>>> print(open('coords39.tsv').read())   # TSV, C-alpha atoms (C1' of nucleotides)
chain	number	residue	atom	x	y	z
U	25	MET	CA	117.08	97.11	56.06
U	26	LEU	CA	114.92	99.66	54.33
U	27	ASP	CA	114.00	96.94	51.88
U	28	TYR	CA	112.14	95.21	54.62
U	29	PHE	CA	109.95	98.28	55.11
U	30	LYS	CA	109.52	98.62	51.36
U	31	LYS	CA	108.27	95.06	51.17
U	32	TYR	CA	105.89	95.62	54.04
U	33	LEU	CA	104.40	98.65	52.32
U	34	GLU	CA	104.08	96.87	48.99
U	35	GLN	CA	102.36	93.95	50.56
U	36	LYS	CA	99.81	96.29	52.16
U	37	SER	CA	99.49	98.40	48.97
U	38	LEU	CA	100.86	101.41	50.76
U	39	LYS	CA	103.18	103.88	49.16
U	40	LEU	CA	106.86	104.51	49.71
U	41	THR	CA	107.05	108.27	49.97
U	42	ARG	CA	110.05	110.56	50.44
U	43	GLN	CA	108.89	111.21	53.99
U	44	ARG	CA	108.53	107.57	54.88
U	45	THR	CA	111.96	106.81	53.54
U	46	ALA	CA	113.50	109.65	55.51
U	47	ILE	CA	111.72	108.73	58.73
U	48	ALA	CA	112.56	105.04	58.48
U	49	GLN	CA	116.19	105.80	57.70
U	50	MET	CA	116.52	108.20	60.57
U	51	PHE	CA	114.82	105.79	62.91
U	52	LEU	CA	117.18	103.00	61.94
U	53	ALA	CA	120.19	105.29	62.28
U	54	LYS	CA	119.31	106.36	65.81
U	55	LYS	CA	120.16	103.84	68.46
U	56	GLY	CA	118.43	103.46	71.77
U	57	HIS	CA	114.94	104.27	72.95
U	58	ILE	CA	113.76	107.29	71.07
U	59	CYS	CA	110.51	109.18	71.07
U	60	VAL	CA	108.59	110.72	68.22
U	61	ASP	CA	109.67	114.22	69.12
U	62	GLU	CA	113.35	113.41	69.05
U	63	LEU	CA	112.88	111.86	65.67
U	64	TYR	CA	110.79	114.78	64.48
U	65	TYR	CA	113.27	117.47	65.48
U	66	THR	CA	116.23	115.64	64.01
U	67	LEU	CA	114.37	115.09	60.77
U	68	ARG	CA	113.34	118.73	60.61
U	69	LYS	CA	116.96	119.81	60.32
U	70	LYS	CA	117.29	117.99	57.04
U	71	TYR	CA	113.67	118.12	55.87
U	72	PRO	CA	112.17	121.30	57.30
U	73	SER	CA	108.77	120.67	55.81
U	74	ILE	CA	108.13	117.28	57.35
U	75	GLY	CA	105.05	117.09	59.53
U	76	HIS	CA	104.74	116.06	63.08
U	77	THR	CA	101.70	113.97	62.16
U	78	THR	CA	103.58	112.11	59.47
U	79	VAL	CA	106.24	111.06	61.94
U	80	TYR	CA	103.57	109.71	64.27
U	81	ARG	CA	101.91	107.89	61.41
U	82	THR	CA	105.12	106.42	60.07
U	83	ILE	CA	106.40	105.18	63.40
U	84	LYS	CA	103.10	103.34	63.72
U	85	LEU	CA	103.76	101.69	60.37
U	86	LEU	CA	107.24	100.71	61.53
U	87	LYS	CA	105.67	99.18	64.58
U	88	ASN	CA	103.15	97.22	62.55
U	89	ALA	CA	105.94	96.09	60.25
U	90	LYS	CA	107.77	94.79	63.34
U	91	ILE	CA	110.72	97.03	62.67
U	92	ALA	CA	110.08	99.11	65.76
U	93	ALA	CA	108.82	98.13	69.21
U	94	GLU	CA	106.82	100.52	71.30
U	95	MET	CA	107.54	100.84	74.98
U	96	ASN	CA	106.01	102.76	77.75
U	97	PHE	CA	108.44	103.39	80.48
U	98	THR	CA	107.26	106.52	82.20
U	99	GLY	CA	103.68	107.34	81.32
U	100	LYS	CA	105.05	110.34	79.43
U	101	ARG	CA	106.14	110.01	75.82
U	102	LYS	CA	106.13	106.61	74.26
U	103	ARG	CA	109.51	105.34	73.20
U	104	PHE	CA	110.48	103.17	70.29
U	105	GLU	CA	113.41	100.92	69.69
U	106	GLN	CA	114.65	99.05	66.70
U	107	VAL	CA	113.75	95.39	66.90
U	108	LEU	CA	114.71	94.18	63.45
U	109	ASP	CA	118.27	92.81	63.47
U	110	ARG	CA	118.56	93.09	67.23
U	111	LYS	CA	118.81	90.30	69.76
U	112	HIS	CA	116.05	89.98	72.30
U	113	HIS	CA	116.65	91.80	75.56
U	114	ASP	CA	114.69	93.18	78.48
U	115	HIS	CA	114.66	96.51	80.27
U	116	PHE	CA	115.48	97.84	83.67
U	117	ILE	CA	114.03	101.27	84.39
U	118	CYS	CA	114.78	103.60	87.28
U	119	ARG	CA	111.53	104.99	88.61
U	120	LYS	CA	113.25	108.10	89.87
U	121	CYS	CA	115.58	109.28	87.14
U	122	GLY	CA	114.14	107.32	84.22
U	123	LYS	CA	117.42	105.69	83.29
U	124	VAL	CA	116.94	102.60	81.12
U	125	ILE	CA	119.32	99.64	81.08
U	126	GLU	CA	119.07	96.80	78.62
U	127	PHE	CA	119.87	93.35	79.87
U	128	PHE	CA	119.60	89.71	78.96
U	129	ASP	CA	119.58	86.81	81.38
U	130	SER	CA	118.97	83.35	80.05
U	131	ASP	CA	117.77	81.94	83.37
U	132	LEU	CA	115.23	84.69	83.72
U	133	GLU	CA	114.28	84.13	80.13
U	134	ARG	CA	113.63	80.45	80.77
U	135	ARG	CA	111.47	81.18	83.81
U	136	GLN	CA	109.54	83.77	81.89
U	137	GLU	CA	108.82	81.19	79.20
U	138	LYS	CA	107.38	78.80	81.76
U	139	ILE	CA	105.14	81.49	83.14
U	140	CYS	CA	103.97	82.51	79.70
U	141	LYS	CA	103.03	78.90	79.09
U	142	LYS	CA	101.18	78.71	82.37
U	143	TYR	CA	99.03	81.75	81.60
U	144	ASN	CA	98.80	80.97	77.91
U	145	PHE	CA	100.61	84.08	76.72
U	146	ASP	CA	102.84	83.97	73.66
U	147	SER	CA	106.39	83.95	75.05
U	148	LYS	CA	107.96	84.73	71.68
U	149	GLN	CA	106.42	88.18	71.63
U	150	HIS	CA	107.12	89.10	75.19
U	151	GLN	CA	108.68	92.26	76.57
U	152	MET	CA	109.80	92.31	80.15
U	153	GLN	CA	110.36	95.42	82.22
U	154	ILE	CA	111.67	95.72	85.73
U	155	PHE	CA	111.10	99.05	87.43
U	156	SER	CA	113.04	99.99	90.52
U	157	ILE	CA	115.41	102.57	91.93
U	158	CYS	CA	118.92	102.76	90.55
U	159	GLY	CA	122.06	102.99	92.65
U	160	LYS	CA	122.49	106.72	92.14
U	161	CYS	CA	118.92	107.49	93.14
U	162	GLN	CA	118.96	105.34	96.25
U	163	GLY	CA	119.56	107.36	99.35
U	164	LYS	CA	118.48	110.53	97.65
U	165	GLY	CA	115.39	112.00	99.27
U	166	LYS	CA	112.36	111.85	97.03
R	11	MET	CA	94.27	101.04	107.36
R	12	LEU	CA	93.13	104.62	107.21
R	13	ASP	CA	95.17	105.22	110.32
R	14	TYR	CA	98.26	104.66	108.31
R	15	PHE	CA	97.28	107.49	105.97
R	16	LYS	CA	96.35	109.67	108.91
R	17	LYS	CA	99.79	109.17	110.40
R	18	TYR	CA	101.45	109.97	107.11
R	19	LEU	CA	99.55	113.23	106.86
R	20	GLU	CA	100.29	114.22	110.43
R	21	GLN	CA	103.93	113.55	110.01
R	22	LYS	CA	104.00	115.84	106.96
R	23	SER	CA	101.78	118.47	108.64
R	24	LEU	CA	99.09	117.89	106.08
R	25	LYS	CA	95.42	117.90	106.91
R	26	LEU	CA	92.95	115.07	107.02
R	27	THR	CA	90.00	116.48	105.14
R	28	ARG	CA	86.60	114.97	104.40
R	29	GLN	CA	87.64	114.54	100.80
R	30	ARG	CA	90.89	112.80	101.60
R	31	THR	CA	89.14	110.42	103.94
R	32	ALA	CA	86.52	109.59	101.33
R	33	ILE	CA	89.06	109.12	98.56
R	34	ALA	CA	91.36	106.94	100.64
R	35	GLN	CA	88.46	104.82	101.83
R	36	MET	CA	87.10	104.33	98.36
R	37	PHE	CA	90.54	103.53	97.04
R	38	LEU	CA	91.09	100.90	99.70
R	39	ALA	CA	87.65	99.42	99.09
R	40	LYS	CA	88.19	99.01	95.36
R	41	LYS	CA	90.29	96.03	94.45
R	42	GLY	CA	92.41	95.70	91.36
R	43	HIS	CA	94.10	98.22	89.12
R	44	ILE	CA	92.01	101.32	89.10
R	45	CYS	CA	92.46	104.68	87.46
R	46	VAL	CA	91.69	108.14	88.75
R	47	ASP	CA	88.57	108.44	86.64
R	48	GLU	CA	87.04	105.26	87.97
R	49	LEU	CA	87.66	106.47	91.46
R	50	TYR	CA	86.35	109.92	90.65
R	51	TYR	CA	83.07	108.74	89.16
R	52	THR	CA	82.38	106.30	91.95
R	53	LEU	CA	83.09	108.95	94.55
R	54	ARG	CA	80.84	111.45	92.79
R	55	LYS	CA	77.81	109.24	93.42
R	56	LYS	CA	78.24	109.67	97.14
R	57	TYR	CA	79.96	113.05	97.22
R	58	PRO	CA	78.73	114.99	94.19
R	59	SER	CA	80.85	118.03	94.93
R	60	ILE	CA	84.20	116.31	95.01
R	61	GLY	CA	86.68	117.62	92.46
R	62	HIS	CA	88.54	115.80	89.81
R	63	THR	CA	91.71	117.65	90.81
R	64	THR	CA	91.40	116.59	94.41
R	65	VAL	CA	91.26	112.94	93.42
R	66	TYR	CA	94.42	113.35	91.37
R	67	ARG	CA	96.11	115.11	94.24
R	68	THR	CA	95.04	112.60	96.84
R	69	ILE	CA	96.06	109.55	94.87
R	70	LYS	CA	99.49	111.15	94.63
R	71	LEU	CA	99.55	111.40	98.41
R	72	LEU	CA	98.56	107.77	98.71
R	73	LYS	CA	101.40	106.92	96.40
R	74	ASN	CA	103.91	108.92	98.44
R	75	ALA	CA	102.59	107.30	101.59
R	76	LYS	CA	103.29	103.91	99.96
R	77	ILE	CA	99.66	102.92	100.24
R	78	ALA	CA	99.18	102.94	96.48
R	79	ALA	CA	101.51	101.92	93.68
R	80	GLU	CA	101.35	103.58	90.30
R	81	MET	CA	101.57	101.50	87.18
R	82	ASN	CA	101.66	102.28	83.57
R	83	PHE	CA	100.43	99.43	81.51
R	84	THR	CA	99.15	100.99	78.33
R	85	GLY	CA	100.38	104.52	77.85
R	86	LYS	CA	96.81	105.64	78.44
R	87	ARG	CA	95.51	106.31	81.95
R	88	LYS	CA	97.78	105.49	84.84
R	89	ARG	CA	96.52	102.78	87.14
R	90	PHE	CA	96.91	102.39	90.86
R	91	GLU	CA	96.77	99.38	93.11
R	92	GLN	CA	96.78	98.95	96.80
R	93	VAL	CA	100.17	97.94	98.06
R	94	LEU	CA	99.71	98.22	101.79
R	95	ASP	CA	98.68	94.85	103.25
R	96	ARG	CA	99.19	93.05	99.98
R	97	LYS	CA	101.79	90.44	99.11
R	98	HIS	CA	104.27	91.28	96.41
R	99	HIS	CA	103.31	90.16	92.94
R	100	ASP	CA	104.09	90.96	89.34
R	101	HIS	CA	101.97	91.68	86.29
R	102	PHE	CA	101.28	90.10	82.95
R	103	ILE	CA	99.67	92.43	80.45
R	104	CYS	CA	98.15	91.59	77.09
R	105	ARG	CA	99.32	94.11	74.54
R	106	LYS	CA	96.22	93.62	72.46
R	107	CYS	CA	93.26	93.58	74.83
R	108	GLY	CA	94.92	95.13	77.86
R	109	LYS	CA	94.02	92.30	80.20
R	110	VAL	CA	96.14	92.26	83.35
R	111	ILE	CA	97.01	89.11	85.30
R	112	GLU	CA	98.76	89.15	88.63
R	113	PHE	CA	101.25	86.41	89.31
R	114	PHE	CA	103.98	85.40	91.67
R	115	ASP	CA	106.80	83.02	90.89
R	116	SER	CA	109.51	82.53	93.46
R	117	ASP	CA	112.10	81.31	90.95
R	118	LEU	CA	111.55	84.35	88.81
R	119	GLU	CA	111.69	86.46	91.91
R	120	ARG	CA	115.05	84.98	92.86
R	121	ARG	CA	116.49	85.61	89.39
R	122	GLN	CA	115.19	89.14	89.43
R	123	GLU	CA	116.96	89.74	92.73
R	124	LYS	CA	120.26	88.61	91.25
R	125	ILE	CA	119.86	90.93	88.33
R	126	CYS	CA	118.96	93.85	90.54
R	127	LYS	CA	122.13	93.22	92.47
R	128	LYS	CA	124.15	93.06	89.29
R	129	TYR	CA	122.93	96.44	88.07
R	130	ASN	CA	122.77	97.94	91.55
R	131	PHE	CA	119.02	98.48	91.59
R	132	ASP	CA	117.05	98.10	94.81
R	133	SER	CA	115.30	94.75	94.47
R	134	LYS	CA	112.96	95.39	97.38
R	135	GLN	CA	111.20	98.16	95.51
R	136	HIS	CA	110.91	96.43	92.19
R	137	GLN	CA	107.91	96.04	89.96
R	138	MET	CA	108.07	93.58	87.12
R	139	GLN	CA	105.83	93.59	84.08
R	140	ILE	CA	105.67	91.14	81.24
R	141	PHE	CA	103.85	92.30	78.14
R	142	SER	CA	102.73	89.82	75.53
R	143	ILE	CA	99.69	88.53	73.70
R	144	CYS	CA	97.12	86.54	75.66
R	145	GLY	CA	95.59	83.26	74.50
R	146	LYS	CA	92.35	84.83	73.35
R	147	CYS	CA	94.10	87.48	71.28
R	148	GLN	CA	96.49	85.09	69.61
R	149	GLY	CA	95.34	84.15	66.15
R	150	LYS	CA	93.10	87.16	65.93
R	151	GLY	CA	94.13	89.52	63.15
R	152	LYS	CA	95.51	92.77	64.46
G	25	DA	C1'	84.91	128.09	122.05
G	26	DT	C1'	87.15	131.51	119.00
G	27	DC	C1'	90.81	133.01	116.18
G	28	DC	C1'	94.15	132.67	112.72
G	29	DT	C1'	96.97	130.97	109.25
G	30	DA	C1'	98.72	127.45	106.54
G	31	DA	C1'	96.79	124.11	103.77
G	32	DA	C1'	93.12	122.25	100.81
G	33	DT	C1'	89.48	122.58	97.55
G	34	DG	C1'	87.36	122.84	93.01
G	35	DA	C1'	86.33	125.26	88.74
G	36	DA	C1'	88.54	126.87	84.92
G	37	DA	C1'	92.47	127.39	82.29
G	38	DT	C1'	96.62	125.26	80.72
G	39	DT	C1'	99.87	121.82	79.26
G	40	DG	C1'	101.48	117.95	76.67
G	41	DA	C1'	101.03	113.83	73.97
G	42	DA	C1'	98.72	111.86	70.36
G	43	DT	C1'	94.94	111.56	66.97
G	44	DT	C1'	91.55	113.24	63.63
G	45	DT	C1'	89.99	116.16	59.93
G	46	DC	C1'	90.30	117.85	55.50
G	47	DA	C1'	91.92	120.37	51.50
G	48	DT	C1'	95.92	119.63	48.67
G	49	DT	C1'	99.65	116.92	46.78
G	50	DT	C1'	101.97	112.69	45.51
G	51	DT	C1'	102.70	107.95	44.19
G	52	DC	C1'	102.39	104.31	41.17
G	53	DA	C1'	99.59	100.86	38.47
G	54	DT	C1'	97.60	101.21	34.16
B	7	DA	C1'	100.86	110.52	30.61
B	8	DT	C1'	96.73	109.73	33.44
B	9	DG	C1'	93.76	109.02	37.24
B	10	DA	C1'	92.44	107.00	41.47
B	11	DA	C1'	93.88	105.73	45.81
B	12	DA	C1'	96.87	107.02	49.27
B	13	DA	C1'	99.74	110.36	51.81
B	14	DT	C1'	100.81	114.80	53.57
B	15	DG	C1'	100.74	118.62	56.84
B	16	DA	C1'	98.43	122.44	59.17
B	17	DA	C1'	94.92	123.15	62.20
B	18	DA	C1'	91.59	121.49	65.19
B	19	DT	C1'	90.45	118.05	68.47
B	20	DT	C1'	90.81	114.66	72.08
B	21	DC	C1'	92.32	112.92	76.29
B	22	DA	C1'	95.01	112.71	80.55
B	23	DA	C1'	97.02	115.32	83.91
B	24	DT	C1'	98.66	119.63	86.02
B	25	DT	C1'	98.56	124.49	87.31
B	26	DT	C1'	96.30	128.67	88.78
B	27	DC	C1'	93.73	131.17	91.87
B	28	DA	C1'	89.88	132.86	94.58
B	29	DT	C1'	87.45	130.75	98.33
B	30	DT	C1'	86.90	127.53	102.10
B	31	DT	C1'	88.49	124.53	105.80
B	32	DA	C1'	91.28	122.13	109.35
B	33	DG	C1'	93.23	122.18	113.44
B	34	DG	C1'	96.87	124.26	116.58
B	35	DA	C1'	97.31	128.41	119.55
B	36	DT	C1'	94.86	131.28	122.51
>>> encode(input="coords39.tsv", output="structure tokens")
Amino acid sequence: MLDYFKKYLEQKSLKLTRQRTAIAQMFLAKKGHICVDELYYTLRKKYPSIGHTTVYRTIKLLKNAKIAAEMNFTGKRKRFEQVLDRKHHDHFICRKCGKVIEFFDSDLERRQEKICKKYNFDSKQHQMQIFSICGKCQGKGK
Amino acid sequence: MLDYFKKYLEQKSLKLTRQRTAIAQMFLAKKGHICVDELYYTLRKKYPSIGHTTVYRTIKLLKNAKIAAEMNFTGKRKRFEQVLDRKHHDHFICRKCGKVIEFFDSDLERRQEKICKKYNFDSKQHQMQIFSICGKCQGKGK
DNA sequence: ATCCTAAATGAAATTGAATTTCATTTTCAT
DNA sequence: ATGAAAATGAAATTCAATTTCATTTAGGAT
């Protein structure tokens, strides 16, 4: 898994530093949709000298290497999820509480492909997000 | 159209000020996915004393009144579109150039409804976004 | 029409996320 | 082992959005 990152760096003549190794490892260990800060604070426990900036920079590398995917659910912090070694899936997001559910529906997937074709977007690289209000939040006043 | 906003304000015992009228009118006049800054700078030409803060505050009111819908395409500025008097539609966004295309597909819509039901989300309030790479941006180096 | 108070305004300060700058340190090809 | 290119991290900066607060305004009660 890390090898993949190593190869990416080599190929771009970038260096595999202690920090990059630690960040990539931690990122791969964490499941779900995590933000830079979460990553940063967890890393700090083990590597107290690691910089905030370095985490930002490294997550960007992971994104470019197609190990991480960036997503923007809320307009607040960006979130990242592992994409290497994971099956494609889409996301449901509750606009009230921010809860995120992963789902996969092959019919929806097929339709989405057709639409991509129609508008000449690359369907292989798509990310689909449905925002709405989850069961718990329905009926609650705003 | 404005009447709708007026009623909303009354019902909440809020006041219809000159600024709110101007902002709402300008918002309704502008088509597409606009951000607070766009609105602010256009308004300034006609009402040079209007405040940045007031535009932010008023767009929030328009959102609560269900006249505007907030969307977060890029992780940069939030965008708003008119939702009152408009048919439902979804959005295609190019991850590279940021281009936004509106579309409507009834098959996709039907599938989406099923999935909402499955996860107990309210399908009537949904917003769907597909992110990918548009034709023009494909083949371009990052 | 005037009064009064709750609400609104706008400038400035603040917050929060992310990026840039730059002096110092590290990696790794030679 | 060496040296140049790249990386690091603290501090400063940028950018969007929100909060604060002294002043002004809207609009219901009189």
>>> residues_around(input="coords39.tsv", residues="DA53 (chain G)", least_positions_apart="4", cutoff="12 Å", atoms="all atoms listed in the file", output="PyMOL selection string")
(chain U and resi 37+39) or (chain B and resi 8-11)
>>> closest_atom_pairs(input="coords39.tsv", of="chain U", to="chain G", cutoff="12 Å", atoms="only C-alpha atoms (C1' of nucleotides)", output="tab-separated table")
residue	atom	partner	partner_atom	distance
U:Glu34	CA	G:DC52	C1'	10.9
U:Ser37	CA	G:DC52	C1'	10.2
U:Leu38	CA	G:DT51	C1'	9.5
U:Lys39	CA	G:DT51	C1'	6.4
U:Leu40	CA	G:DT51	C1'	7.7
U:Thr41	CA	G:DT51	C1'	7.2
U:Arg42	CA	G:DT50	C1'	9.7
U:Gln43	CA	G:DT50	C1'	11.0
U:Cys59	CA	G:DA41	C1'	11.0
U:Val60	CA	G:DA41	C1'	10.0
U:Asp61	CA	G:DA41	C1'	9.9
U:His76	CA	G:DA42	C1'	10.3
U:Thr77	CA	G:DT43	C1'	8.6
U:Thr78	CA	G:DT43	C1'	11.5
U:Val79	CA	G:DA42	C1'	11.3
U:Tyr80	CA	G:DA42	C1'	8.1
U:Arg81	CA	G:DT43	C1'	9.6
U:Lys84	CA	G:DA42	C1'	11.7
U:Gly99	CA	G:DA41	C1'	10.2
U:Lys100	CA	G:DA41	C1'	7.6
U:Arg101	CA	G:DA41	C1'	6.6
U:Lys102	CA	G:DA41	C1'	8.8
>>> write_last_selection(input="coords39.tsv", atoms="C-alpha atoms", output="short mmCIF file (atom, residue, chain, number, x, y, z; two decimals), keeping the file's coordinate frame")
data_model
loop_
_atom_site.label_atom_id
_atom_site.label_comp_id
_atom_site.auth_asym_id
_atom_site.auth_seq_id
_atom_site.Cartn_x
_atom_site.Cartn_y
_atom_site.Cartn_z
CA GLU U 34 104.08 96.87 48.99
CA SER U 37 99.49 98.40 48.97
CA LEU U 38 100.86 101.41 50.76
CA LYS U 39 103.18 103.88 49.16
CA LEU U 40 106.86 104.51 49.71
CA THR U 41 107.05 108.27 49.97
CA ARG U 42 110.05 110.56 50.44
CA GLN U 43 108.89 111.21 53.99
CA CYS U 59 110.51 109.18 71.07
CA VAL U 60 108.59 110.72 68.22
CA ASP U 61 109.67 114.22 69.12
CA HIS U 76 104.74 116.06 63.08
CA THR U 77 101.70 113.97 62.16
CA THR U 78 103.58 112.11 59.47
CA VAL U 79 106.24 111.06 61.94
CA TYR U 80 103.57 109.71 64.27
CA ARG U 81 101.91 107.89 61.41
CA LYS U 84 103.10 103.34 63.72
CA GLY U 99 103.68 107.34 81.32
CA LYS U 100 105.05 110.34 79.43
CA ARG U 101 106.14 110.01 75.82
CA LYS U 102 106.13 106.61 74.26
#
>>> atom_distance(input="coords39.tsv", atom1="CA of Lys90 (chain U)", atom2="CA of His115 (chain U)")
18.4 Å
>>> atom_distance(input="coords39.tsv", atom1="CA of Asp115 (chain R)", atom2="CA of Lys120 (chain U)")
25.9 Å
>>> residues_around(input="coords39.tsv", residues="Lys41 (chain R)", least_positions_apart="2", cutoff="10 Å", atoms="only C-alpha atoms (C1' of nucleotides)", output="PyMOL selection string")
chain R and resi 36-39+43-44+90-92
>>> interface_residues(input="coords39.tsv", of="chain U", to="chain R", cutoff="9 Å", atoms="all atoms listed in the file", output="PyMOL selection string")
chain U and resi 95-102+116+118+125+127+129+131-132+135-136+139-140+143-160+162
>>> interface_residues(input="coords39.tsv", of="chain B", to="chain R", cutoff="10 Å", atoms="all atoms listed in the file", output="list in words")
DC21, DA22, DA23, DT24, DT31, DA32 and DG33 of chain B
>>> atom_distance(input="coords39.tsv", atom1="CA of Leu108 (chain U)", atom2="CA of Lys123 (chain U)")
23.1 Å
>>> axis_aligned_box(input="coords39.tsv", around="region 40-43 of chain G", padding_each_side="6 Å", output="lines of an AutoDock Vina configuration file")
center_x = 98.2
center_y = 114.8
center_z = 71.8
size_x = 18.5
size_y = 18.4
size_z = 21.7
